[in-house]
file model23.cif (mmCIF, C-alpha atoms)
data_upload
loop_
_atom_site.label_atom_id
_atom_site.label_comp_id
_atom_site.auth_asym_id
_atom_site.auth_seq_id
_atom_site.Cartn_x
_atom_site.Cartn_y
_atom_site.Cartn_z
CA ILE A 1 -25.20 39.25 5.94
CA ARG A 2 -24.52 35.83 7.34
CA ARG A 3 -21.12 34.55 6.32
CA PRO A 4 -20.70 30.89 5.35
CA PRO A 5 -19.09 28.80 8.09
CA ARG A 6 -15.32 28.81 7.90
CA SER A 7 -15.09 25.06 7.95
CA THR A 8 -14.14 24.39 4.35
CA PRO A 9 -10.43 23.79 5.00
CA SER A 10 -11.10 21.39 7.86
CA ASN A 11 -13.85 19.67 5.88
CA SER A 12 -11.44 19.34 2.96
CA SER A 13 -8.78 18.01 5.28
CA ALA A 14 -11.23 15.53 6.81
CA ALA A 15 -12.27 14.35 3.34
CA SER A 16 -8.62 13.94 2.41
CA ASP A 17 -8.01 11.91 5.56
CA VAL A 18 -10.99 9.69 4.78
CA TYR A 19 -9.71 9.17 1.23
CA LYS A 20 -6.22 8.29 2.48
CA ARG A 21 -7.69 5.87 5.01
CA GLN A 22 -9.82 4.22 2.32
CA GLU A 23 -6.77 3.91 0.07
CA LYS A 24 -4.81 2.37 2.92
CA GLU A 25 -7.58 -0.13 3.58
CA ARG A 26 -7.55 -1.10 -0.09
CA GLU A 27 -3.82 -1.84 -0.07
CA ILE A 28 -2.97 -5.51 -0.24
CA THR A 29 0.25 -7.46 -0.59
CA VAL A 30 0.51 -9.31 -3.89
CA ALA A 31 2.98 -12.18 -4.37
CA VAL A 32 4.34 -12.92 -7.84
CA PHE A 33 5.41 -16.57 -8.02
CA THR A 34 8.07 -17.22 -10.65
CA ARG A 35 11.42 -18.79 -11.52
CA GLN A 36 14.60 -16.76 -11.22
CA GLY A 37 15.33 -14.73 -14.34
CA GLU A 38 11.82 -14.93 -15.80
CA SER A 39 11.06 -11.65 -17.59
CA LEU A 40 7.30 -12.22 -17.30
CA ALA A 41 7.55 -11.54 -13.57
CA GLY A 42 9.17 -8.17 -14.34
CA LEU A 43 6.39 -7.27 -16.77
CA PHE A 44 3.75 -8.10 -14.18
CA VAL A 45 5.51 -6.10 -11.46
CA LYS A 46 5.98 -3.10 -13.75
CA ASP A 47 2.34 -3.00 -14.84
CA LEU A 48 0.91 -3.66 -11.37
CA SER A 49 3.08 -0.89 -9.91
CA ALA A 50 2.01 1.50 -12.67
CA HIS A 51 -1.63 0.83 -11.73
CA GLY A 52 -1.23 1.58 -8.04
CA ILE A 53 -0.43 -1.80 -6.49
CA LYS A 54 2.08 -0.71 -3.86
CA ASN A 55 3.06 -3.84 -1.94
CA ILE A 56 4.53 -6.59 -4.11
CA ILE A 57 6.83 -9.47 -3.26
CA VAL A 58 8.52 -11.77 -5.78
CA ILE A 59 9.02 -15.39 -4.74
CA ALA A 60 11.43 -16.93 -7.24
CA GLN A 61 12.49 -20.55 -7.47
CA LYS A 62 16.20 -21.00 -8.17
CA GLN A 63 16.57 -22.52 -11.63
CA PRO A 64 19.37 -20.89 -13.67
CA LYS A 65 19.84 -23.67 -16.25
CA ARG A 66 16.30 -23.16 -17.54
CA LEU A 67 17.26 -19.79 -19.06
CA ILE A 68 19.75 -21.46 -21.44
CA ARG A 69 17.14 -23.94 -22.64
CA LYS A 70 14.63 -21.13 -23.07
CA GLY A 71 17.07 -19.11 -25.21
CA ILE A 72 17.72 -22.08 -27.51
CA LYS A 73 13.99 -22.68 -27.88
CA TYR A 74 13.41 -19.01 -28.72
CA ILE A 75 16.02 -19.12 -31.50
CA ARG A 76 14.41 -22.21 -33.00
CA SER A 77 10.96 -20.62 -32.91
CA TYR A 78 11.69 -17.04 -34.03
CA GLY A 79 15.31 -16.84 -35.26
CA VAL A 80 18.50 -15.19 -34.04
CA ASN A 81 17.40 -11.61 -34.79
CA ALA A 82 14.26 -12.09 -32.73
CA LEU A 83 16.39 -13.38 -29.86
CA TRP A 84 18.26 -10.07 -29.59
CA ARG A 85 14.98 -8.15 -29.48
CA PHE A 86 13.75 -10.57 -26.84
CA LEU A 87 16.91 -10.12 -24.74
CA LYS A 88 16.57 -6.34 -24.86
CA LYS A 89 12.95 -6.49 -23.71
CA ARG A 90 13.89 -9.09 -21.12
CA GLY A 91 16.54 -6.76 -19.72
CA GLU A 92 14.01 -3.95 -19.46
CA ALA A 93 11.53 -6.26 -17.74
CA LEU A 94 14.11 -7.54 -15.26
CA GLU A 95 15.03 -3.93 -14.50
CA SER A 96 11.53 -3.65 -13.01
CA LEU A 97 12.44 -6.33 -10.46
CA LYS A 98 15.01 -4.22 -8.61
CA GLU A 99 14.15 -4.10 -4.93
CA THR A 100 12.48 -0.98 -3.54
CA ASP A 101 10.59 -0.13 -0.36
CA ASN A 102 7.47 -1.59 -2.02
CA LEU A 103 9.11 -4.56 -3.77
CA ARG A 104 10.96 -7.38 -2.03
CA HIS A 105 12.60 -10.53 -3.38
CA TYR A 106 12.67 -14.02 -1.89
CA PRO A 107 14.69 -16.71 -3.71
CA VAL A 108 13.55 -20.20 -2.67
CA ASP A 109 14.48 -23.77 -3.46
CA SER A 110 10.82 -24.70 -4.03
CA LEU A 111 7.70 -22.63 -4.56
CA ASN A 112 5.78 -25.34 -2.69
CA GLY A 113 8.13 -25.66 0.26
CA VAL A 114 8.03 -24.67 3.92
CA GLU A 115 10.21 -21.66 3.13
CA THR A 116 7.55 -20.28 0.80
CA GLU A 117 4.83 -20.93 3.39
CA LYS A 118 6.72 -18.82 5.93
CA ILE A 119 7.24 -15.98 3.42
CA LEU A 120 3.51 -15.85 2.68
CA ARG A 121 2.60 -15.77 6.38
CA ASP A 122 5.25 -13.22 7.35
CA ASN A 123 4.22 -10.84 4.55
CA ARG A 124 0.49 -11.40 5.02
CA VAL A 125 0.07 -12.02 1.30
CA ALA A 126 -3.55 -11.59 0.21
CA LEU A 127 -3.34 -12.35 -3.51
CA GLY A 128 -0.95 -14.21 -5.80
CA VAL A 129 0.01 -14.20 -9.48
CA LEU A 130 1.80 -16.96 -11.40
CA ALA A 131 4.57 -15.98 -13.84
CA ASN A 132 5.78 -19.12 -15.63
CA THR A 133 5.91 -21.62 -12.80
CA GLY A 134 5.28 -25.30 -12.36
CA ILE A 135 2.30 -26.66 -10.45
CA ILE A 136 1.47 -24.86 -7.19
CA ARG A 137 0.33 -27.24 -4.48
CA LYS A 138 -2.62 -27.11 -2.08
CA ASN A 139 -0.50 -26.08 0.92
CA ILE A 140 0.45 -22.84 -0.86
CA ILE A 141 -2.97 -22.14 -2.38
CA GLU A 142 -4.61 -22.32 1.03
CA LEU A 143 -2.26 -19.65 2.44
CA VAL A 144 -3.36 -16.99 -0.08
CA PRO A 145 -6.87 -15.92 1.02
CA MET A 146 -7.94 -14.06 -2.13
CA GLY A 147 -6.51 -16.72 -4.42
CA ILE A 148 -3.69 -17.10 -6.94
CA ILE A 149 -4.22 -15.81 -10.48
CA MET A 150 -3.05 -17.79 -13.49
CA PRO A 151 -2.91 -16.08 -16.94
CA HIS A 152 -3.63 -18.97 -19.30
CA PRO A 153 -2.83 -18.60 -23.04
CA GLY A 154 -6.07 -20.23 -24.12
CA ILE A 155 -9.82 -19.73 -23.94
CA LEU A 156 -11.23 -21.66 -20.98
CA PRO A 157 -12.97 -23.97 -20.45
CA GLY A 158 -12.52 -25.14 -24.03
CA TYR A 159 -8.73 -25.36 -24.03
CA ARG A 160 -6.98 -26.58 -20.89
CA GLY A 161 -3.38 -27.73 -20.60
CA ILE A 162 -0.47 -26.94 -22.92
CA ASN A 163 -0.06 -25.64 -26.49
CA CYS A 164 -3.62 -24.32 -26.38
CA THR A 165 -2.94 -21.57 -28.92
CA GLY A 166 -1.58 -24.12 -31.39
CA TRP A 167 -4.52 -26.47 -30.83
CA ALA A 168 -7.04 -23.66 -31.27
CA ILE A 169 -5.45 -22.48 -34.52
CA LEU A 170 -5.33 -26.07 -35.80
CA ASN A 171 -9.02 -26.52 -34.93
CA GLY A 172 -10.04 -23.14 -36.37
CA ASP A 173 -11.22 -21.88 -32.97
CA ASP A 174 -10.74 -18.61 -31.06
CA ILE A 175 -7.39 -17.87 -29.47
CA GLY A 176 -6.70 -15.58 -26.55
CA VAL A 177 -6.03 -15.42 -22.82
CA THR A 178 -8.02 -16.38 -19.72
CA THR A 179 -7.22 -15.42 -16.14
CA PHE A 180 -8.53 -17.72 -13.42
CA LEU A 181 -7.92 -18.65 -9.79
CA ILE A 182 -5.95 -21.87 -9.56
CA ASP A 183 -7.19 -24.92 -7.70
CA GLU A 184 -5.83 -28.46 -7.46
CA GLY A 185 -6.91 -29.29 -11.01
CA ILE A 186 -5.25 -28.34 -14.29
CA ASP A 187 -6.77 -25.05 -15.50
CA THR A 188 -10.07 -25.85 -13.79
CA GLY A 189 -10.37 -22.97 -11.30
CA PRO A 190 -12.94 -20.14 -11.34
CA ILE A 191 -12.63 -17.83 -14.34
CA LEU A 192 -11.93 -14.11 -13.88
CA LEU A 193 -11.44 -12.59 -17.35
CA ARG A 194 -11.38 -13.86 -20.94
CA GLU A 195 -10.24 -11.96 -23.99
CA LYS A 196 -9.95 -13.15 -27.59
CA LEU A 197 -7.31 -12.05 -30.10
CA ASP A 198 -8.19 -10.93 -33.58
CA LYS A 199 -6.60 -13.71 -35.64
CA ARG A 200 -6.65 -11.47 -38.69
CA LYS A 201 -3.89 -9.33 -37.13
CA ILE A 202 -1.40 -12.19 -36.74
CA THR A 203 1.36 -11.48 -39.26
CA SER A 204 4.29 -13.47 -37.82
CA ARG A 205 5.11 -15.95 -35.09
CA GLU A 206 6.86 -13.24 -33.12
CA ASN A 207 3.87 -10.94 -33.50
CA LEU A 208 1.59 -13.66 -32.12
CA ALA A 209 3.87 -14.28 -29.12
CA GLU A 210 4.16 -10.57 -28.31
CA THR A 211 0.42 -9.97 -28.63
CA LEU A 212 -0.40 -12.89 -26.33
CA LEU A 213 2.22 -11.67 -23.86
CA ALA A 214 0.82 -8.13 -23.77
CA LEU A 215 -2.68 -9.50 -23.22
CA ARG A 216 -1.51 -11.71 -20.35
CA VAL A 217 0.01 -8.69 -18.62
CA GLU A 218 -3.11 -6.57 -19.16
CA LEU A 219 -5.53 -9.22 -17.89
CA VAL A 220 -3.42 -9.96 -14.80
CA THR A 221 -3.46 -6.30 -13.77
CA ARG A 222 -7.18 -5.99 -14.41
CA SER A 223 -7.79 -9.19 -12.43
CA VAL A 224 -5.73 -8.03 -9.45
CA ILE A 225 -7.48 -4.65 -9.33
CA GLY A 226 -10.91 -6.22 -9.82
CA LEU A 227 -10.42 -8.71 -7.00
CA ARG A 228 -8.97 -6.06 -4.72
CA ASP A 229 -11.87 -3.68 -5.31
CA GLY A 230 -14.53 -6.39 -5.27
CA SER A 231 -15.70 -5.46 -8.78
CA LEU A 232 -14.68 -8.82 -10.26
CA LYS A 233 -16.42 -12.03 -9.25
CA PRO A 234 -14.88 -15.43 -10.09
CA VAL A 235 -17.14 -17.68 -12.16
CA PRO A 236 -16.81 -21.45 -11.51
CA GLN A 237 -16.04 -23.68 -14.48
CA ASN A 238 -18.04 -26.74 -15.41
CA PRO A 239 -15.52 -29.61 -15.09
CA ASP A 240 -17.36 -31.54 -17.81
CA GLU A 241 -16.77 -28.80 -20.40
CA GLY A 242 -13.70 -28.38 -22.54
CA ARG A 243 -10.71 -30.64 -23.04
CA LEU A 244 -7.30 -31.13 -21.45
CA TYR A 245 -4.36 -31.06 -23.89
CA THR A 246 -1.20 -32.78 -22.65
CA GLU A 247 2.42 -33.19 -23.72
CA LYS A 248 1.80 -36.86 -24.53
CA MET A 249 -0.56 -35.78 -27.31
CA MET A 250 2.16 -33.72 -29.04
CA THR A 251 3.57 -36.09 -31.64
CA ALA A 252 6.06 -34.93 -34.28
CA GLU A 253 3.33 -35.15 -36.91
CA LEU A 254 0.95 -33.05 -34.83
CA ARG A 255 3.60 -30.36 -34.27
CA LYS A 256 4.13 -30.25 -38.02
CA ARG A 257 0.40 -29.81 -38.64
CA MET A 258 0.23 -27.01 -36.04
CA ASP A 259 3.15 -25.23 -37.69
CA GLN A 260 1.50 -25.55 -41.09
CA ALA A 261 -1.82 -24.22 -39.76
CA LEU A 262 -0.09 -21.18 -38.23
CA ASP A 263 1.94 -20.55 -41.40
CA GLN A 264 -1.23 -20.68 -43.47
CA LEU A 265 -2.95 -18.21 -41.14
CA ILE A 266 0.00 -15.80 -41.35
CA GLU A 267 0.21 -16.07 -45.15
CA ARG A 268 -3.53 -15.47 -45.49
CA ASN A 269 -3.38 -12.38 -43.25
CA LEU A 270 -0.36 -10.97 -45.08
CA SER A 271 -1.96 -11.49 -48.48
CA GLN A 272 -5.13 -9.72 -47.36
CA GLN A 273 -3.09 -6.74 -46.13
CA PHE A 274 -1.61 -6.23 -49.57
CA ASN A 275 -4.88 -6.70 -51.47
#
call {"tool": "encode", "arguments": {"input": "model23.cif", "output": "structure tokens"}}
result
Amino acid sequence: IRRPPRSTPSNSSAASDVYKRQEKEREITVAVFTRQGESLAGLFVKDLSAHGIKNIIVIAQKQPKRLIRKGIKYIRSYGVNALWRFLKKRGEALESLKETDNLRHYPVDSLNGVETEKILRDNRVALGVLANTGIIRKNIIELVPMGIIMPHPGILPGYRGINCTGWAILNGDDIGVTTFLIDEGIDTGPILLREKLDKRKITSRENLAETLLALRVELVTRSVIGLRDGSLKPVPQNPDEGRLYTEKMMTAELRKRMDQALDQLIERNLSQQFN
């Protein structure tokens, strides 16, 4: 009786080596651009790490006074009780930013400065993610070969700019999140993923903010993995489509109308739940 060749262990070992080599080749360094103290950066890092992204750096612009303004704004929007819940979640998110062998921090004076350029080159950053930053300039964009992902709280190309969720609710349109690769325009880069929220499930302002936040985190991770694996292809936007919404358009009367439209949506959803 001919025995089977005793090569199974070595074949298995060879297959394991091939798998490890393929995994190594798939590893990329991802840079999270943010401001110091931003909890969104922690949420991104935590979720990316949980999904196998091993090399992450956080480039944070020094801006401590912004946190005080943000806290005051949160109280005005959601109340004092909501602030304590936010601070607890923020603490948990920032806990994810502790340095490890696979996570390094770089505080900088400017995300668009020479210091940031050097960090990107030295770490061979392949892909970037924005976590509540200002405008990123061309000199930085060009140093990230796979692009920089922006999670936009609006459905592109229809809603570009700021307060897109409020505008969409006021106009009776879909709300949600779009991830795209930034370019020199405002929310005009190639689209990666789009996901709509079910407006019928919005039962409070805090609920809306948390749902949008969770969706931003999810779509960023899916976008990073899709670009890394080559399974996600950016789709260029038509610059003639959609509309840009700016701060200059936000009059006191318009803010009041947006608040009323959101309150009406919440009241309608709550009444339907109890009927």
call {"tool": "closest_residue", "arguments": {"input": "model23.cif", "among": "A:Ile175, A:Ile56, A:Val224, A:Ile186", "to": "Arg160 in chain A", "atoms": "all atoms listed in the file"}}
result
A:Ile186
call {"tool": "resolve_selection", "arguments": {"input": "model23.cif", "expression": "the PyMOL selection byres ((chain A and resi 134-142) around 8)", "output": "list in words"}}
result
Leu111, Asn112, Thr116, Glu117, Asn132, Thr133, Leu143, Val144, Pro145, Gly147, Ile148, Ile182, Asp183 and Glu184 of chain A
call {"tool": "atom_distance", "arguments": {"input": "model23.cif", "atom1": "CA of Thr221 in chain A", "atom2": "CA of Asn171 in chain A"}}
result
29.8 Å
call {"tool": "closest_residue", "arguments": {"input": "model23.cif", "among": "A:Asp122, A:Gly128, A:Ile28, A:Asp259", "to": "Val58 in chain A", "atoms": "all atoms listed in the file"}}
result
A:Gly128
call {"tool": "resolve_selection", "arguments": {"input": "model23.cif", "expression": "the PyMOL selection byres ((chain A and resi 110) around 10)", "output": "list in words"}}
result
Arg35, Ile59, Ala60, Gln61, Lys62, Gln63, Pro107, Val108, Asp109, Leu111, Asn112, Gly113, Val114, Glu115, Thr116 and Ile136 of chain A
call {"tool": "decode", "arguments": {"input": "model23.cif", "residues": "range 198-239 of chain A", "atoms": "N, CA and C atoms", "output": "mmCIF file, in the first residue's frame"}}
result
data_model
loop_
_atom_site.group_PDB
_atom_site.id
_atom_site.type_symbol
_atom_site.label_atom_id
_atom_site.label_comp_id
_atom_site.auth_asym_id
_atom_site.auth_seq_id
_atom_site.Cartn_x
_atom_site.Cartn_y
_atom_site.Cartn_z
ATOM 1 N N ASP A 198 -32.394 56.173 8.832
ATOM 2 C CA ASP A 198 -33.849 56.075 8.850
ATOM 3 C C ASP A 198 -34.377 57.198 9.734
ATOM 4 N N LYS A 199 -34.936 58.232 9.108
ATOM 5 C CA LYS A 199 -35.399 59.399 9.878
ATOM 6 C C LYS A 199 -36.508 59.048 10.857
ATOM 7 N N ARG A 200 -37.173 57.931 10.630
ATOM 8 C CA ARG A 200 -38.261 57.538 11.525
ATOM 9 C C ARG A 200 -37.754 57.108 12.900
ATOM 10 N N LYS A 201 -36.454 56.832 13.007
ATOM 11 C CA LYS A 201 -35.879 56.369 14.274
ATOM 12 C C LYS A 201 -35.257 57.492 15.094
ATOM 13 N N ILE A 202 -35.374 58.731 14.613
ATOM 14 C CA ILE A 202 -34.829 59.867 15.355
ATOM 15 C C ILE A 202 -35.836 60.273 16.432
ATOM 16 N N THR A 203 -35.451 60.095 17.689
ATOM 17 C CA THR A 203 -36.375 60.370 18.795
ATOM 18 C C THR A 203 -35.884 61.469 19.733
ATOM 19 N N SER A 204 -34.699 61.999 19.491
ATOM 20 C CA SER A 204 -34.172 63.119 20.270
ATOM 21 C C SER A 204 -32.973 63.701 19.528
ATOM 22 N N ARG A 205 -32.568 64.877 19.928
ATOM 23 C CA ARG A 205 -31.394 65.497 19.322
ATOM 24 C C ARG A 205 -30.141 64.676 19.631
ATOM 25 N N GLU A 206 -30.058 64.206 20.859
ATOM 26 C CA GLU A 206 -28.904 63.409 21.258
ATOM 27 C C GLU A 206 -28.860 62.098 20.486
ATOM 28 N N ASN A 207 -30.025 61.495 20.303
ATOM 29 C CA ASN A 207 -30.116 60.254 19.537
ATOM 30 C C ASN A 207 -29.631 60.460 18.099
ATOM 31 N N LEU A 208 -29.996 61.578 17.504
ATOM 32 C CA LEU A 208 -29.570 61.892 16.141
ATOM 33 C C LEU A 208 -28.048 62.045 16.085
ATOM 34 N N ALA A 209 -27.485 62.792 17.049
ATOM 35 C CA ALA A 209 -26.036 63.011 17.065
ATOM 36 C C ALA A 209 -25.284 61.696 17.245
ATOM 37 N N GLU A 210 -25.755 60.846 18.142
ATOM 38 C CA GLU A 210 -25.071 59.572 18.401
ATOM 39 C C GLU A 210 -25.165 58.631 17.205
ATOM 40 N N THR A 211 -26.316 58.629 16.548
ATOM 41 C CA THR A 211 -26.496 57.749 15.392
ATOM 42 C C THR A 211 -25.589 58.176 14.241
ATOM 43 N N LEU A 212 -25.518 59.485 13.997
ATOM 44 C CA LEU A 212 -24.629 59.996 12.951
ATOM 45 C C LEU A 212 -23.171 59.696 13.286
ATOM 46 N N LEU A 213 -22.826 59.833 14.559
ATOM 47 C CA LEU A 213 -21.455 59.564 14.989
ATOM 48 C C LEU A 213 -21.081 58.101 14.745
ATOM 49 N N ALA A 214 -21.961 57.191 15.156
ATOM 50 C CA ALA A 214 -21.699 55.757 14.971
ATOM 51 C C ALA A 214 -21.551 55.409 13.492
ATOM 52 N N LEU A 215 -22.347 56.054 12.656
ATOM 53 C CA LEU A 215 -22.274 55.780 11.220
ATOM 54 C C LEU A 215 -20.977 56.329 10.622
ATOM 55 N N ARG A 216 -20.515 57.470 11.106
ATOM 56 C CA ARG A 216 -19.240 58.016 10.628
ATOM 57 C C ARG A 216 -18.097 57.047 10.934
ATOM 58 N N VAL A 217 -18.095 56.511 12.152
ATOM 59 C CA VAL A 217 -17.048 55.568 12.547
ATOM 60 C C VAL A 217 -17.096 54.320 11.670
ATOM 61 N N GLU A 218 -18.301 53.780 11.490
ATOM 62 C CA GLU A 218 -18.451 52.558 10.689
ATOM 63 C C GLU A 218 -17.979 52.761 9.255
ATOM 64 N N LEU A 219 -18.393 53.870 8.639
ATOM 65 C CA LEU A 219 -18.050 54.085 7.228
ATOM 66 C C LEU A 219 -16.562 54.381 7.039
ATOM 67 N N VAL A 220 -15.932 55.021 8.034
ATOM 68 C CA VAL A 220 -14.485 55.255 7.937
ATOM 69 C C VAL A 220 -13.741 53.932 7.927
ATOM 70 N N THR A 221 -14.084 53.038 8.841
ATOM 71 C CA THR A 221 -13.414 51.737 8.894
ATOM 72 C C THR A 221 -13.636 50.951 7.614
ATOM 73 N N ARG A 222 -14.866 50.930 7.137
ATOM 74 C CA ARG A 222 -15.146 50.210 5.890
ATOM 75 C C ARG A 222 -14.396 50.828 4.715
ATOM 76 N N SER A 223 -14.248 52.145 4.718
ATOM 77 C CA SER A 223 -13.537 52.824 3.632
ATOM 78 C C SER A 223 -12.047 52.507 3.674
ATOM 79 N N VAL A 224 -11.455 52.522 4.867
ATOM 80 C CA VAL A 224 -10.035 52.205 5.003
ATOM 81 C C VAL A 224 -9.759 50.785 4.524
ATOM 82 N N ILE A 225 -10.561 49.833 4.990
ATOM 83 C CA ILE A 225 -10.364 48.430 4.610
ATOM 84 C C ILE A 225 -10.599 48.238 3.115
ATOM 85 N N GLY A 226 -11.619 48.876 2.577
ATOM 86 C CA GLY A 226 -11.914 48.744 1.153
ATOM 87 C C GLY A 226 -10.816 49.297 0.272
ATOM 88 N N LEU A 227 -10.258 50.441 0.647
ATOM 89 C CA LEU A 227 -9.151 51.011 -0.124
ATOM 90 C C LEU A 227 -7.895 50.164 0.014
ATOM 91 N N ARG A 228 -7.641 49.686 1.225
ATOM 92 C CA ARG A 228 -6.464 48.843 1.438
ATOM 93 C C ARG A 228 -6.522 47.573 0.611
ATOM 94 N N ASP A 229 -7.692 46.942 0.589
ATOM 95 C CA ASP A 229 -7.843 45.668 -0.119
ATOM 96 C C ASP A 229 -8.096 45.832 -1.607
ATOM 97 N N GLY A 230 -8.388 47.047 -2.041
ATOM 98 C CA GLY A 230 -8.683 47.276 -3.452
ATOM 99 C C GLY A 230 -10.103 46.929 -3.840
ATOM 100 N N SER A 231 -10.966 46.673 -2.842
ATOM 101 C CA SER A 231 -12.355 46.299 -3.130
ATOM 102 C C SER A 231 -13.272 47.510 -3.252
ATOM 103 N N LEU A 232 -12.746 48.688 -2.937
ATOM 104 C CA LEU A 232 -13.549 49.913 -2.984
ATOM 105 C C LEU A 232 -12.914 50.890 -3.968
ATOM 106 N N LYS A 233 -13.704 51.313 -4.938
ATOM 107 C CA LYS A 233 -13.200 52.222 -5.967
ATOM 108 C C LYS A 233 -13.855 53.597 -5.816
ATOM 109 N N PRO A 234 -13.060 54.659 -5.670
ATOM 110 C CA PRO A 234 -13.624 56.005 -5.568
ATOM 111 C C PRO A 234 -14.377 56.397 -6.832
ATOM 112 N N VAL A 235 -15.506 57.063 -6.644
ATOM 113 C CA VAL A 235 -16.341 57.495 -7.767
ATOM 114 C C VAL A 235 -16.333 59.021 -7.829
ATOM 115 N N PRO A 236 -15.803 59.608 -8.911
ATOM 116 C CA PRO A 236 -15.729 61.074 -9.000
ATOM 117 C C PRO A 236 -17.110 61.725 -8.918
ATOM 118 N N GLN A 237 -17.146 62.907 -8.291
ATOM 119 C CA GLN A 237 -18.380 63.678 -8.237
ATOM 120 C C GLN A 237 -18.484 64.579 -9.463
ATOM 121 N N ASN A 238 -19.704 64.912 -9.803
ATOM 122 C CA ASN A 238 -19.964 65.921 -10.830
ATOM 123 C C ASN A 238 -19.992 67.279 -10.134
ATOM 124 N N PRO A 239 -19.029 68.159 -10.412
ATOM 125 C CA PRO A 239 -18.965 69.449 -9.707
ATOM 126 C C PRO A 239 -20.198 70.319 -9.911
#
